4 protein chains.
Amino acid sequence: LGTKAVVLGASGFAGAELLRLLLTHPSIEAVAAAASSNAGKGVAELYPNLSGYRDMKFISVDDALQVDADVIFSSLPPGESAQLFGDSNSRKVVDISADFRLNHSWIYGLTEFHREEVQGADRLANPGCYPAAALLALGPLAEAGAIESEGIHIDAKSGISGAGRASGEGLDFASVSENTRPYSVTGHRHVPEIEQELSALSGERVTVSFVPHIVPMTRGIVATCVAKLVDGAEHSVQGILEERYVDEAFVRVLGGQQLPETKHLSGTNLAEVAGRVDERTGKVIVIAAIDNLGKGAAGQALQNANLMLGFEETAGLSTTGILP
Amino acid sequence: LGTKAVVLGASGFAGAELLRLLLTHPSIEAVAAAASSNAGKGVAELYPNLSGYRDMKFISVDDALQVDADVIFSSLPPGESAQLFGDSNSRKVVDISADFRLNHSWIYGLTEFHREEVQGADRLANPGCYPAAALLALGPLAEAGAIESEGIHIDAKSGISGAGRASGEGLDFASVSENTRPYSVTGHRHVPEIEQELSALSGERVTVSFVPHIVPMTRGIVATCVAKLVDGAEHSVQGILEERYVDEAFVRVLGGQQLPETKHLSGTNLAEVAGRVDERTGKVIVIAAIDNLGKGAAGQALQNANLMLGFEETAGLSTTGILP
Amino acid sequence: LGTKAVVLGASGFAGAELLRLLLTHPSIEAVAAAASSNAGKGVAELYPNLSGYRDMKFISVDDALQVDADVIFSSLPPGESAQLFGDSNSRKVVDISADFRLNHSWIYGLTEFHREEVQGADRLANPGCYPAAALLALGPLAEAGAIESEGIHIDAKSGISGAGRASGEGLDFASVSENTRPYSVTGHRHVPEIEQELSALSGERVTVSFVPHIVPMTRGIVATCVAKLVDGAEHSVQGILEERYVDEAFVRVLGGQQLPETKHLSGTNLAEVAGRVDERTGKVIVIAAIDNLGKGAAGQALQNANLMLGFEETAGLSTTGILP
Amino acid sequence: LGTKAVVLGASGFAGAELLRLLLTHPSIEAVAAAASSNAGKGVAELYPNLSGYRDMKFISVDDALQVDADVIFSSLPPGESAQLFGDSNSRKVVDISADFRLNHSWIYGLTEFHREEVQGADRLANPGCYPAAALLALGPLAEAGAIESEGIHIDAKSGISGAGRASGEGLDFASVSENTRPYSVTGHRHVPEIEQELSALSGERVTVSFVPHIVPMTRGIVATCVAKLVDGAEHSVQGILEERYVDEAFVRVLGGQQLPETKHLSGTNLAEVAGRVDERTGKVIVIAAIDNLGKGAAGQALQNANLMLGFEETAGLSTTGILP
């Protein structure tokens with residue numbers, strides 16, 4: 001019989017993306033979808049693309065926690081997950097919120113850097129969308145000791161779906177179209193997560209500056225990362241990236257003149273990564289592109305769940321984007 | 001009688017924007033528009049918004065050079081301007097191409113930093129769109145000695161009109177929409193221009209790293225600039241910016257929580273600038289937004305021409321964007 | 001001294017567009033801007049493009065009505081205008097809501113068809129954006145008796161700003177981008193207004209079917225109108241349109257192969273109109289494009305106010321769109 | 001062993017979409033991809049989303065015709081298919097161009113209306129994208145005798161990918177964004193195909209008027225169709241539509257207040273259809289939405305090929321759109 005999943009926060013974009021992916025998963029089935037404010041509405045009413053859930057209605061989080069399930073995906077608003085998952089709960093949990101990412105009793109689920117821990121995990125904190133992109137770009141170089149721990153800067157461009165399904169001020173089409181908008185210039189909540197992981201990988205205390213921007217697209221993140229190369233590392237960059245990811249199904253290291261673009265991988269769990277050495281300044285520029293709802297949220301969560309539950313890591317996950 | 005202008009390269013986006021601005025200029029009138037490949041076509045046929053030029057046809061560059069005029073705006077493809085303007089030509093020339101920006105017998109026309117030279121200029125090289133944004137952000141701090149000359153990084157996001165009107169590969173809607181695309185990561189042709197000006201302002205040799213991106217919008221540039229603050233400059237950033245631009249009609253230094261957005265100034269000659277100190281890393285982040293066809297090209301060119309010809313600096317130039 | 005205007009509902013898109021237009025009007029000045037829910041905020045805080053109103057704050061509607069003014073532009077939510085303007089109020093009123101469009105004691109302000117009444121009006125109901133486009137397309141043919149009064153169909157495509165500044169469900173970028181969305185298929189509230197005017201112009205009772213759609217753009221409406229030609233009218237269509245609008249500053253009848261496009265006239269008070277005879281079916285297809293916030297709202301309102309106050313009809317109104 | 005397919009015109013959008021679909025098809029494999037002007041380039045070089053074809057290069061059409069294959073999908077430019085497929089060719093052919101759609105020795109492949117013929121077909125003409133949408137909307141009512149054969153009007157809105165991958169004038173982002181553009185108002189090449197099918201379904205000679213528009217999106221078509229209802233058919237519309245499509249996997253008849261939107265079905269082979277009776281005018285409005293590259297081209301082609309080759313009709317075809 002199939003493995004049963006419950007999705008909390010299922011009416012948000014990340015939750016709904018998980019529902020979408022589970023529709024074609026060979027082994028895991030979504031048996032309940034919880035959404036506080038939308039409880040009672042049909043899943044396919046809110047998300048007409050999900051007609052495969054024609055007969056499923058959103059239920060309350062409390063009700064969903066009573067449903068018999070093997071795994072819980074939680075994509076609740078900030079702070080809500082932290083109150084739900086005590087030790088007594090026997091189901092495996094993949095949390096897509098930020099609540100547990102800095103909590104060392106939870107496994108940090110950027111699979112490519114924590115695969116062994118993920119395989120044995122019961123409690124998994126899924127990476128944020130910006131950290132996923134930044135770490136896939138910078139992680140291999142930090143790990144290889146090829147970049148200096150000071151002076152790292154990350155400039156990120158995100159589609160608006162990263163802000164969630166809420167229809168608040170500044171998210172309307174008229175405000176987003178034909179606009180590029182920086183925000184949270186010196187204090188984005190994702191910075192500590194990036195620093196924690198880069199520090200662990202490099203063995204040194206790393207600090208980063210980080211500037212996110214909203215650009216007029218729905219999906220996708222490009223993280224453009226700059227770091228000072230250590231002496232002698234100029235010719236190692238491409239090799240480090242290629243070697244690090246050679247066996248990874250979801251990271252494509254680009255060669256030649258190619259550079260990452262979000263449209264290459266929309267709807268997938270892929271990341272594209274490319275590095276360039278700027279000889280004039282002694283810096284390396286590493287760029288990663290992901291779908292913020294894919295490798296940046298629901299795809300990454302499913303990749304982790306696959307490992308936690310003993311399935312093929314790639315089950316139910318696509319690497320073929322829709323283009324154009 | 002009116003001052004007569006000829007626009008070369010008038011079927012490109014920057015040239016057509018100049019034609020648009022001149023329609024409402026109180027003193028300068030466009031008397032001829034040249035466009036090699038489109039010679040013979042009506043201006044309003046190619047640009048239906050320019051119905052004010054109902055009876056004007058594009059002519060050849062050779063023919064345009066014979067037209068009696070006080071000022072020539074040249075927005076020709078790279079290399080073409082360089083062959084046209086010898087010393088013998090008595091008209092004032094504002095060149096919007098990159099041909100003369102590194103040529104010290106031409107005045108570099110970022111007005112806010114070269115106003116006196118511009119006033120007396122006969123040959124003016126208009127800044128590139130990326131340098132205009134980057135220099136408006138970083139110039140005051142370089143000039144004040146508040147940032148270190150090493151380690152400056154500029155991450156720019158541009159609308160597609162910066163690539164010109166040519167309909168080549170990668171410019172079609174299906175390629176640009178829902179996409180963020182980095183390019184020319186370590187060798188963009190605008191870098192020497194940025195370094196030349198920052199070096200002159202700071203009195204030290206400055207090198208910068210620079211990564212441009214195309215984002216899915218038509219107009220606008222955001223330049224997000226990062227630099228190391230010199231010791232003790234943490235509290236001076238906002239003051240330096242405000243003081244530097246207090247008398248400038250086309251630069252708006254933002255305060256409080258505000259940050260530049262391209263949509264605030266679409267269609268104008270304005271720049272928005274904001275600075276933030278990142279105390280954790282000792283860096284300053286300065287962000288500028290402009291309309292790449294306004295302050296980044298045609299608007300800036302007209303601002304310069306106004307000064308060169310003795311008109312009010314703001315004549316024919318708008319500071320009121322169209323929003324939404 | 002200048003003529004004073006008060007704008008009610010000034011924080012909405014149509015109201016803010018009026019404020020924008022008044023910034024450059026030679027004779028009328030906005031002295032107060034009212035916005036119930038945004039009272040107390042700065043105009044330039046909500047609309048950073050309107051830095052020309054740096055020191056103006058939105059006030060309450062009640063307060064605004066006490067301000068000394070020559071003309072009131074009211075762009076309040078449905079039903080609110082109807083309660084405000086009794087006979088005793090001595091100021092001229094241009095109402096941009098739908099409250100008075102079917103009220104025969106107010107003048108219906110599609111200027112091209114009601115110019116004389118507008119000139120003497122104290123109470124003016126500004127046309128809806130869809131009716132403005134549809135009537136500019138079909139009006140001349142109805143008036144000339146060239147189309148049958150039955151079987152008229154209007155298919156309209158609008159940018160999202162027509163839905164107003166409210167940030168409700170379905171208006172967010174993620175819902176609007178890459179989407180075409182029909183709505184109100186058989187009962188749009190603008191239908192009676194269209195029928196009232198076409199009936200008056202033709203002298204017969206006209207009924208129309210009307211289907212509006214939201215397409216992924218911010219500004220603009222294209223109304224594609226189909227009607228049965230009366231016998232013998234096949235060769236008169238272009239002539240009727242051209243003759244009807246030959247003296248109009250804000251309607252451009254296209255000839256040759258040209259067809260209306262919203263991008264030609266974004267930000268202006270222009271309408272583009274083109275007619276085609278479909279000989280196979282005996283129908284005429286007339287297409288009009290306008291900026292829904294220009295000729296469809298604020299521009300049209302100002303055109304009317306100019307006449308009501310004795311100014312040049314075109315004062316403060318642009319016919320030069322921003323392209324690209 | 002797998003069934004082998006060759007795709008001609010594979011570097012165009014429809015051809016590349018077929019390659020994408022075949023990557024996950026359980027039984028059919030693409031063994032060659034031909035593209036005249038792009039022969040020699042890698043498939044994944046032109047379409048980075050198709051990294052599953054990492055080692056495949058585009059070859060010439062001549063070379064592709066020599067490849068051993070069971071089925072040929074041809075998506076060549078107009079006129080080119082017509083010269084290739086004589087009787088002697090033993091492979092099954094699905095032609096996505098317009099070359100054979102009015103040719104009665106080829107089967108017209110709108111599966112829902114020609115399923116039996118498709119099952120036995122060797123030569124299949126795939127419907128155009130506009131006709132697919134229009135016929136799915138109007139076909140059931142024409143077949144049921146519920147609409148009059150005169151006076152049918154179709155207003156269609158299409159994403160730009162329908163114009164193909166060519167990067168010609170008017171297809172660039174700056175021309176398409178923020179624009180709605182009607183074209184081919186009275187003479188679109190798809191009209192005869194629509195009339196041929198509606199006439200066959202209704203048993204009467206049907207003529208239609210048709211106006212296509214480009215709206216600023218990449219994928220999707222909405223066809224808004226208007227027809228005069230025959231007396232007494234007012235209450236049958238919803239029933240006719242539901243009954244007609246009750247067993248169809250790829251047509252979803254909407255009920256209640258729902259209306260078709262392209263974003264519901266992007267990337268799928270689905271059509272959404274909804275009907276509304278306009279009692280005031282005695283007309284029915286039927287609206288269909290499809291992905292022009294899915295049900296309007298490649299998806300439809302694969303649905304047909306599945307039947308022609310004896311596979312499950314739905315094999316390799318998705319009904320779950322990507323949203324947002």
# chains A, B, ... in the order shown; residues from 1 in each chain; ligands from 1

call {"tool": "residues_around", "arguments": {"residues": "A:Glu242", "least_positions_apart": "3", "cutoff": "9 Å", "atoms": "only C-alpha atoms", "output": "number ranges by chain"}}
result
A: 237-239, 245-246, 252-254

call {"tool": "interface_residues", "arguments": {"of": "chain C", "to": "chain B", "cutoff": "6 Å", "atoms": "only C-alpha atoms", "output": "JSON, numbers by chain"}}
result
{"C": [48, 49, 50, 264, 265, 320, 321]}

call {"tool": "residues_around", "arguments": {"residues": "D:Ala33", "least_positions_apart": "2", "cutoff": "6 Å", "atoms": "only C-alpha atoms", "output": "list in words"}}
result
Val6, Val7, Ala10 and Phe58 of chain D

call {"tool": "write_last_selection", "arguments": {"atoms": "C-alpha atoms", "output": "PDB file, in the first residue's frame"}}
result
ATOM      1  CA  VAL D   6      11.341  11.394 -35.696  1.00  0.00           C
ATOM      2  CA  VAL D   7      10.482  15.062 -35.229  1.00  0.00           C
ATOM      3  CA  ALA D  10      12.138  20.234 -33.970  1.00  0.00           C
ATOM      4  CA  PHE D  58      19.588  18.567 -34.670  1.00  0.00           C
TER       5      PHE D  58
END

call {"tool": "select_by_dssp", "arguments": {"residues": "stretch 53-280 of chain C", "states": "strand (DSSP E)", "output": "compact mmCIF listing (two decimals) with C-alpha atoms, in the first residue's frame"}}
result
# COMPACT_ATOMS: atom_id res chain seq x y z
CA VAL C 71 -14.04 71.81 -9.53
CA ILE C 72 -14.33 68.48 -7.78
CA PHE C 73 -13.14 65.30 -9.45
CA SER C 74 -14.75 62.37 -7.69
CA LYS C 92 -18.58 71.90 -10.76
CA VAL C 93 -18.34 68.13 -10.40
CA VAL C 94 -16.78 65.56 -12.69
CA ASP C 95 -17.72 62.14 -11.39
CA ILE C 107 -24.25 65.11 -18.64
CA TYR C 108 -22.64 61.96 -20.03
CA ARG C 123 -22.55 67.93 -13.17
CA LEU C 124 -20.73 65.54 -15.45
CA ALA C 125 -20.69 61.73 -15.40
CA ILE C 152 -23.80 43.82 -31.89
CA HIS C 153 -21.07 42.05 -29.93
CA ILE C 154 -18.20 43.62 -28.02
CA ASP C 155 -15.18 41.65 -26.85
CA ALA C 156 -12.90 43.68 -24.58
CA LYS C 157 -9.40 43.04 -23.22
CA SER C 158 -8.26 45.14 -20.32
CA ARG C 181 -9.21 35.63 -17.86
CA PRO C 182 -12.78 36.28 -19.05
CA VAL C 208 -25.35 44.38 -27.18
CA SER C 209 -23.57 41.31 -25.88
CA PHE C 210 -20.33 42.08 -24.09
CA VAL C 211 -17.49 39.92 -22.78
CA PRO C 212 -14.62 41.54 -20.86
CA HIS C 213 -11.27 39.85 -20.24
CA ILE C 214 -8.26 40.63 -18.06
CA ILE C 221 -8.12 48.39 -23.30
CA VAL C 222 -8.80 46.97 -26.72
CA ALA C 223 -12.47 46.74 -27.61
CA THR C 224 -13.10 44.52 -30.62
CA CYS C 225 -16.63 45.22 -31.82
CA VAL C 226 -18.64 43.30 -34.40
CA ALA C 227 -21.86 44.41 -36.02
CA LYS C 228 -23.95 43.55 -39.06
CA VAL C 251 -9.09 60.10 -31.73
CA ARG C 252 -6.78 58.77 -34.41
CA VAL C 253 -8.49 56.81 -37.18
CA ALA C 271 -7.92 56.56 -28.79
CA GLU C 272 -6.92 54.62 -31.87
CA VAL C 273 -9.79 53.36 -34.02
CA ALA C 274 -9.80 51.13 -37.10
CA GLY C 275 -12.60 49.51 -39.08
CA ARG C 276 -12.59 46.45 -41.35
CA VAL C 277 -15.36 45.06 -43.50
CA ASP C 278 -15.63 41.27 -43.50

call {"tool": "atom_distance", "arguments": {"atom1": "atom CA of C:Ala288", "atom2": "atom CA of D:Val191"}}
result
22.8 Å

call {"tool": "residues_around", "arguments": {"residues": "A:Arg115", "least_positions_apart": "2", "cutoff": "12 Å", "atoms": "only C-alpha atoms", "output": "PyMOL selection string"}}
result
chain A and resi 107-113+117-121+124+248+303-308+313

call {"tool": "closest_residue", "arguments": {"among": "B:Ser202, B:Thr207, B:Asn103, B:Ser11", "to": "B:Pro77", "atoms": "only C-alpha atoms"}}
result
B:Ser11

call {"tool": "atom_distance", "arguments": {"atom1": "atom CA of B:Ser75", "atom2": "atom CA of B:Gln300"}}
result
12.7 Å

call {"tool": "atom_distance", "arguments": {"atom1": "atom CA of B:Ala301", "atom2": "atom CA of B:Ala137"}}
result
19.1 Å

call {"tool": "closest_residue", "arguments": {"among": "C:Phe173, C:Glu279, C:Val206, C:Gln83", "to": "C:Gly151", "atoms": "only C-alpha atoms"}}
result
C:Val206

call {"tool": "closest_residue", "arguments": {"among": "D:Leu84, D:Thr180, D:Ser236, D:Thr314", "to": "C:Ile290", "atoms": "only C-alpha atoms"}}
result
D:Thr180

call {"tool": "residues_around", "arguments": {"residues": "stretch 38-40 of chain A", "least_positions_apart": "6", "cutoff": "10 Å", "atoms": "only C-alpha atoms", "output": "JSON, numbers by chain"}}
result
{"A": [9, 10, 11, 12, 46, 56, 57, 58, 59, 60, 61]}
